[in-house]
Structures are given as C-alpha cells and as structure tokens.
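Take a look at the structure set out below.
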Amino acid sequence: MPDYLLKNACVIDPVNSISQENMDIAVVDGHIAEEPSANVEIIDCGGMLVMPGGIDSHTHICGLKVNFGRYMSPEDMRAGRVPRGRGMRAVSGYSIPTTYGNSYRYALMGYTTLTEGAMAPLEARHTHDEFRHTPLQDGLILTLFDGDWGVMRAVAADDIKRAAALIAWRLNAVKGYGVKLTNPLGAEMWSWGKNVDCIRKSIPFFDVSPAEYILGVIEANEMLGLPHSVHLHCNNLGKPGNYTCTLGTMDLVPDLNEKRQTAYLTHVQFHSYGGSGWDDFSSKAEPVSRMVNLRPQITIDMGQVMFGRTTTMTADGPMEFNLYRLHQDKWSNHDVELETASGIIPVMYRRKNLVNSVMWAIGLELALLVKSPWQCLLTTDNPNGAPFVKYPEIIGLLMSREYREKEFATVHAATARRVVLPALERELTFDEIAVMTRAGPARALGLLERGKGHLGIGAEADIAVYPVVPGKLDPAKQYAEVIRGFAQTKYTFKGGVMISRDDEIVADNQNRMFWCSPKVPKVYDMDNDPELIRTFDRFYSVRKENYPVDEKYYLTRSMRIETETKL
Amino acid sequence: MRRITLIVRESDSPHLPIEAEVITPEILCRTARVTVHVGNQKMKLSDVFDVHVDGEAAGPGATEIVLLGDASRVKRIGEYMTDGKIIVDGDIGMHCGDFMAGGTIEIMGNAGDWLGREMLGGKIVCHGNAGHYCGSGYRGGRKGVRGGEIFVEGSVGDYCGECLFGGVVHVKRNAGLHAGVNMKGGKLIIDGDAVMPCGDMFGGECTIFGHADDFLPTFAETGKIVEMGRELTVFTGDLANRNGNGTLRVGRYTRI
C-alpha cells in the first residue's frame, strides 16, 4: 500500500476550521500525517476541492427490509445494469441496487461511511452479512428498539437503569451501533391492527405513552454513554398536520450531552406537514426549523424527496399500510416478533402531483431555514425520499437559488401557495455542504473521536477529491458543474487506500463494522436475567443462546467500541 | 428487397442458449457481421448460422429474415423490431419478439416462453403452441403488452396475457393457469378452455369461449350475450380490487 501526498488541494475541513485553504495533505499508513513518508505517491490536485470522506447518517442499504424490497421489485433491477469490469462486480438496480451497486456508487460520490438506519435485532445476521458484501465503506447499524417488550416494561415501571441494561445487552448481542426508535410504540399497536396517535396516549397492556418511552430511552442512551444519541423517527410520519406532533416530540428532548445532540430526528421532511387532509396539505417547515434553531440539543436530517421512481421502506408498518391504501399497488408487511414491524412499497414521486411537489419543497426549506448546518444533515432517507445518487442534485439545489427557481417552475402550479421555498434567498456555501455531508454526520454519530469526518493530523485518511475548483466557479450560476462535480470524485480514499479513480473502482474489501459494547456492571448484566430468559423461552421463535450474532463469523473487520456507563 | 436466410448449424453443445437479439430487420438489413452470445461466449453470427443474403435492402421494411433448422434454443429474435418480416420455419426459443413495435413474425412450429413479451405493436402469428407468459409483462412490471397482435393457433401455457395493457392476444385452443391475470386493458380471446382466468383484473376485455375451471368468486355476473353463435355469461371484476372494472365473458364455468 503506497502512502500518498495530495498536493495543491483546496481543503475544506470544518472541524479544524479550514475553509478552502490551499494546502498539501500527507497520508501515511492510513492516517493523515504531518510529513509525507519516503515511499510516497504524489497526486497533484490542481486546486480541486478536497474534503473528508462523506458520511451518510441515515440510509437503508442492508438488511432484510432492503432485500425484501429487492424481491418485490424485480423491475428495479432492469435499471442501473453495469457489466463486470476490472476488479468490479456486475451490478444492477436503481432504488434498491445490489450491495456492490450501493458500495460502488457511494464510493464514486466520495462516501466512505454508511449508517444503516434501521435493523430489527432479530434480523441482525442478514444485515451484517449484507454489510460484509458492501466492500468500500465502514458500516454502523442502528438497532430498532421501538417495540421492545423488555424496554417498554422497564420504562413503564420507571426503571431506566434496567431499560439501559436491556439496551446494552441487545446492542452487544446484535452488534449494533446505536438506538433507533421508529414510530415509538407504533409497532406494538400495529400487532393489533392499530397505530399510536401522537405521543401522549398510553398504549394498552404496557401502560406507557410514546412520550414517556422516548424520554426513558433517551435517558438510558445517555446512561450507557453511547457515541450516538437516540435516533428518532417521530410518530405520525406522512400524515397531514403531523408537524404538531413533531414539535411536541422536539419539546420533550432534554439537553444531556455536551459533545453532541441529545436526540437525532431523522427524515424530518416527512414530519413537517400542515393541513387537515390531502386537500389543504401544506408545508410547516418554518415552525419545525424554528424549533430546531432554538434547541441545540436537536439535530435533524432532511429526508429530501426527489422526483422519480423509488421504493419506500420503513419499520413504520401502519404508515406503509396507509400508503398502500393510497396507491393500491404492491405492498409488503412484516412483523418481527417482540421487537418491531416493517412495510415496503414502491412509489413514484411526480412533479405533476401537488402533494409530491410540496414534499419536495419542504425538504429544501428545512435545510435552508435551519441556521446551523451542523443541525440539519443532508439525506434522502435513501431510498425512501429518493435513491442516494440524487445527493449531487440536492447539493445543486441548496447552493443555487437560480436552479431552485428553474426547478420550481416545473412542479405543480398550486405548490407556490403552500410552501415558502420561493421566498428563501439563502444559498449554501461549499463549507456548509461539507458540514451537512461529513463533519455534521461525524459529530452527530460520535465518530469524530474515531478520526472520521475531519482531516486533522492523526485522522483516518478518508478523503474525497472532487473535480471542482471552488475559486473558479460560482455555484449559484454554474450549478450544473457543481452537480457533475459531486456526482463523481476524481479520487476517493478510504483509510489511506485509493478506492476509486474517476469512474473506476480500484479497491476491494476495505469495510469495517463499528459497534458498541457498553461496559455494564455485573448486577446489570442481563445475560442471566430471569425475565429476559423467560421472555425468550415463552415468546421468541429462537433461543436466547442462539440469538447473539457471532462476531467472528458475521463481522469481517470488527471495530468494537467499549463505552463507560453510568449504571 | 433483401432476404436473409439463417440456417442453424449443428452444435457440439446443443443445450447452450443462443442470445440473438441482433436477429432483427433493423440490424441485418445493414450488416450480417454481428455477434451473438452462445452461453457466455461471444461468437460471430456466421459461426452459429449458415448465413445467406440475397438482394439489396432499402431498409428494414424491405427485409425478410428466414430462420431454418432447430431454432428452439435461439432467444430474443425480433427484439425491438419496428418493421420488416421474420419467418421461423420450425420452433423458436424464448423471448421471441419482445418489445417489438412493428413488422411481422411468423412461426411455423412452436414458440418458447415469453412470446411477444411487452410488445408495443406489430403482429406475431404462431402456427403451433406457445409456452408460458405468452403476450405478458415481465417480472414486477405493471404494464405488459401495450399494443399489437398475437395470434396462436395452438394452445398456450400459464399466465397468457399477464398484465395485458393494450392490443390483442388471440389463442385458438386452450390456455393454462391464470390467463389474463392482472389485466389492465386490451383484449384477450381464448377459443378453448382456461383455468382460473383474470385474477386481479383491473380493466380490459377477456373472452373464453370454452370452459373456465376454478372460476374466481370475485367476479359479479352482469348478463348474457351471444357471440359467434355461442352463449356467453358476462362478468365484471376483479372485485377484490378497489378499481376492478374488467369484463370477463365465459362460455361455461365451474367455480373454485
């Protein structure tokens, strides 16, 4: 493996306050170094934009749900077919491509770390297996706890320490990185064919309300000292008028952590809807983003919708059923024992559709109205809002008002009366884009300490070199060049290894799996907990002994993170 | 007028499929120096077929392709063809005439599966039997055949006219399971019998002159008519769909 010296690079590294400075970057032994080594390959960047490797803080690329999307939509595999090339496998698919397709396309866009947004604990093996075959990115897996019986009972009994201990046991068992709550308690109600109604009503049999549950899990999460905060998909996704529920949820969040947010609200676009039905459906991005601006303990991601065909998949089963009733097309639904549920539906977002046009505008409004880019990250909730290959277009839209206006002219004519987008003048800078796509996600996920998301001395050499020369172009006018530039890097490095050059993938087998193992005192070690054992014996289809994922067989390169707990 | 005669050569490996999407008037009216895939090997057209070219072509419309010999493992001929004529003297393999938009394909023997899949226009006549998925869509797709005409003198396999969206599919003898399943438009005519036809139908018109076995209960009877001297019972459905508004006419039927 050669070391590299990137000369003449226009570096943006928000964590180290470097903004478009012309400098050289030395890579030695997989890390950023002060001085280049003797055996060095020099690459002249010619003033091109150089950033830390991209980090996707919420995407769905691995797991049973994604794979079921593949079963359901064989027609998706007709798109994006690329034959086998030098060192590259054949790939196919557009919204739910093969794992190699995901990995190659992310690499070409300069992304080196991916966060799978939702894994049902019981399906962990499948998820890890797919990640093993995503060769060019490091992986983190957020584990679903939205309907976990044990945690629900512990929170209902106000025993947060027990809740934390159960979370710790399960994360350790399934090799998860963080806690994800999808439509908290919705999955349990969905087993009864119902859904929860916002956050205040308690659900039967467990006597706990979503608000209590969210708060309890947030406290437990902080108790465990996990690097990432609770990753929250709020209740009432996709319902007109749901912004009140989103505001109510945001209002719950205490400020418990100095280093990062205390709650990460994901795909907030889907949670910022006004109106009482689809007829008076409108954007409420303004109140939602105002709330975010007032609360530094909250970070959100956009969940931007882009027009075209895609597949929606979420652990929010009842929501997908409502979507199915709307579209009357294919639908799949899945119940994961005592843990969670899921649903999948292929959709087509159309410009001529008023609702879709308003959704498209809301995502952009959120990114433009939230003042600090550290608090609003760039995602499409891939593939729910759009496949991740649309990220460059979103960057173009955020950086150029002219492009937004041009696009706005093509959407449904009545959109203008329901959104504020045309009035927004803000145009994001390259620095802000860098925060939204690498530094911000790194901080939100607690990866800065792992040397990700920045280019300081000693950081991991995850580097993206984009064929854009910032000084020489005006992104507000030359948005087409910006989009082209972000669509394909000149070089992408991961851990000091060049993984792509122009349109070619030049490496394999670089992936690692980060997971958390909180250090729990003996009294809180749930391995011998009689109630947990009883739950497995009575209700689970697998034995507790067979439940944990074997690190040796399922994780190629395992990166265990031990955390200090306050139990 | 250009006439291209292709005679399938004897092969050492008679089970390998020949992917011959290049056998269309559009391509062969320009040149016969093209390649086909035999298994995973790329080969010259002239290595797989004896190629005889007569006359000059003024364009695909003035081109006729004749396939002789055992072509039952030759796949995808006439794919995307828009004009001209293809005559197959014996049997033909899978995916014959898929995405075809114009011109004619005449098959003297039997056709494989997926005959005229996702066809847009033109005409296919098969004098023998056709396999499964005759005149259908493809996996996961929502719109199958959108136009044109498929005429099969023999019987067809299962899923004939699946996702039919436009055009006409006419079968002179019997159809297998699930003919016209998921139909959304167009016309499906089966002169013989069928089994469990038209499930999940949204629109279009299906006529079965013979006997429909395992007839689904989700169709509502609306009356009786006489067509071609046969009394037919008319149904509408599939009522399991919110917008099921297809017409299904059958001679005789037994409910499932």
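The way I read the labels, and the way they are meant: chains A, B, ... in the order of the structure tokens, residue 1 as the first residue of every chain, and ligand 1 as the first ligand shown, with later ones counted on from there.
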Quick one: which residues from chain B are at most 8 Å off chain A, using only C-alpha atoms, as a VMD selection string?
chain B and resid 138 to 141 242
Would you write out those residues with C-alpha atoms, as a compact mmCIF listing (two decimals), in the first residue's frame?
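Wrote it out as out.txt, contents follow:
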```txt
# COMPACT_ATOMS: atom_id res chain seq x y z
CA TYR B 138 -42.12 -9.08 -17.18
CA ARG B 139 -41.29 -9.71 -13.53
CA GLY B 140 -42.52 -6.87 -11.39
CA GLY B 141 -43.62 -4.67 -14.29
CA ARG B 242 -60.87 -1.34 -5.46
```
Just the residues within 7 Å of stretch 101-105 of chain B, please, counting only C-alpha atoms, with nothing from its chain fewer than 3 positions along; format it as a CSV table (one decimal) with C-alpha atoms, in the first residue's frame.
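Okay, out_28.csv is ready:
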```csv
chain,number,residue,atom,x,y,z
B,80,TYR,CA,-37.3,-4.2,-30.5
B,81,MET,CA,-38.1,-4.7,-34.2
B,82,THR,CA,-40.1,-2.0,-35.8
B,83,ASP,CA,-40.6,-3.1,-39.4
B,84,GLY,CA,-40.0,-6.0,-41.9
B,85,LYS,CA,-40.7,-9.7,-41.5
B,86,ILE,CA,-39.2,-12.7,-39.7
B,87,ILE,CA,-40.3,-16.2,-40.7
B,119,MET,CA,-44.8,-5.9,-27.2
B,120,LEU,CA,-45.8,-2.4,-28.4
B,121,GLY,CA,-47.1,-3.0,-31.9
B,122,GLY,CA,-46.8,-5.3,-35.0
B,123,LYS,CA,-48.0,-8.8,-35.4
B,124,ILE,CA,-46.9,-12.3,-34.3
B,125,VAL,CA,-48.5,-15.4,-35.7
```
Per-residue DSSP, stretch 291-370 of chain A, filtered to strand (DSSP E), as a list in words:
Ile298, Thr299, Ile300, Asp301, Gly308, Arg309, Thr310, Thr311, Thr312, Met313, Thr314, Ser332, Asn333, His334, Asp335, Val336, Thr340, Ala341, Ser342, Gly343, Ile344, Ile345, Pro346, Val347, Met348 and Tyr349 of chain A
Any idea what's packed within 12 Å of A:Pro296, counting only C-alpha atoms, ignoring anything in its chain fewer than 5 positions away? Could you give it as a PyMOL selection string?
chain A and resi 250-251+253-264+289-291+370-376+444
Kindly save the residues from that selection, with C-alpha atoms included, as a short mmCIF file (atom, residue, chain, number, x, y, z; two decimals), in the first residue's frame.
```
data_model
loop_
_atom_site.label_atom_id
_atom_site.label_comp_id
_atom_site.auth_asym_id
_atom_site.auth_seq_id
_atom_site.Cartn_x
_atom_site.Cartn_y
_atom_site.Cartn_z
CA MET A 250 -38.88 18.06 19.98
CA ASP A 251 -40.16 19.86 23.04
CA VAL A 253 -35.88 16.47 24.38
CA PRO A 254 -33.68 17.48 27.33
CA ASP A 255 -30.10 18.69 26.86
CA LEU A 256 -27.99 15.93 28.34
CA ASN A 257 -24.83 15.80 26.27
CA GLU A 258 -22.14 18.41 25.72
CA LYS A 259 -20.42 16.80 22.77
CA ARG A 260 -23.37 16.17 20.51
CA GLN A 261 -27.14 16.38 20.24
CA THR A 262 -29.37 14.50 22.66
CA ALA A 263 -31.86 13.43 20.01
CA TYR A 264 -31.36 12.96 16.29
CA SER A 289 -36.98 24.66 11.75
CA ARG A 290 -37.59 27.49 14.23
CA MET A 291 -37.87 24.86 16.94
CA VAL A 370 -32.21 25.69 9.90
CA LYS A 371 -29.47 28.22 10.59
CA SER A 372 -26.66 25.90 11.58
CA PRO A 373 -25.74 23.24 9.01
CA TRP A 374 -24.48 21.14 11.95
CA GLN A 375 -28.12 20.69 12.91
CA CYS A 376 -29.58 19.74 9.54
CA ALA A 444 -23.87 13.54 15.30
#
```
Considering only C-alpha atoms, state which residue in the set A:Asp148, A:Asp29, A:Glu449, A:Glu481 is at the smallest distance from A:Pro227.
A:Glu449
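Of the residues in stretch 40-211 of chain B, those that DSSP places in alpha helix (DSSP H) on the basis of the backbone are Leu45, Ser46, Asp47 and Val48 of chain B.
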Using N, CA and C atoms, can you write the selected residues to a file as a PDB file, in the first residue's frame?
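In the end it all went to selection18.pdb:
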```pdb
ATOM      1  N   LEU B  45     -22.088 -14.326 -35.934  1.00  0.00           N
ATOM      2  CA  LEU B  45     -23.373 -14.857 -36.393  1.00  0.00           C
ATOM      3  C   LEU B  45     -23.141 -16.008 -37.369  1.00  0.00           C
ATOM      4  N   SER B  46     -22.107 -15.829 -38.227  1.00  0.00           N
ATOM      5  CA  SER B  46     -21.852 -16.836 -39.259  1.00  0.00           C
ATOM      6  C   SER B  46     -21.254 -18.121 -38.686  1.00  0.00           C
ATOM      7  N   ASP B  47     -20.783 -18.076 -37.426  1.00  0.00           N
ATOM      8  CA  ASP B  47     -20.297 -19.320 -36.804  1.00  0.00           C
ATOM      9  C   ASP B  47     -21.443 -20.161 -36.259  1.00  0.00           C
ATOM     10  N   VAL B  48     -22.550 -19.509 -35.998  1.00  0.00           N
ATOM     11  CA  VAL B  48     -23.680 -20.199 -35.393  1.00  0.00           C
ATOM     12  C   VAL B  48     -24.728 -20.557 -36.444  1.00  0.00           C
TER      13      VAL B  48
END
```
If we count only C-alpha atoms, what is near A:Asp431 at a cut-off of 7 Å, once residues fewer than 5 positions away on the same chain are taken out, given as a short mmCIF file (atom, residue, chain, number, x, y, z; two decimals) with C-alpha atoms, in the first residue's frame?
```cif
data_model
loop_
_atom_site.label_atom_id
_atom_site.label_comp_id
_atom_site.auth_asym_id
_atom_site.auth_seq_id
_atom_site.Cartn_x
_atom_site.Cartn_y
_atom_site.Cartn_z
CA ILE A 12 -12.49 22.22 3.40
CA PRO A 14 -14.99 22.39 9.08
CA SER A 19 -12.10 26.76 4.73
#
```
Counting only C-alpha atoms, the option among A:Pro52, A:Gly186, A:Gly110, A:Gly69 closest to A:Ile18:
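Between A:Pro52, A:Gly186, A:Gly110, A:Gly69, the residue approaching A:Ile18 most closely is A:Pro52.
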I'd like the interatomic distance between atom CA of A:Asn384 and atom CA of A:Gly440, to a tenth of an Å.
21.3 Å
Excluding B:Ser155 and its own-chain neighbours fewer than 2 positions away, which residues fall within 10 Å of it when counting only C-alpha atoms? Please give them as a list in words.
Asn110, His127, Gly128, Asn129, Ala130, Gly131, Val152, Glu153, Gly157, Val171, Lys172, Arg173, Asn174, Ala175, Gly176, Ile190, Asp191, Gly192 and Asp193 of chain B
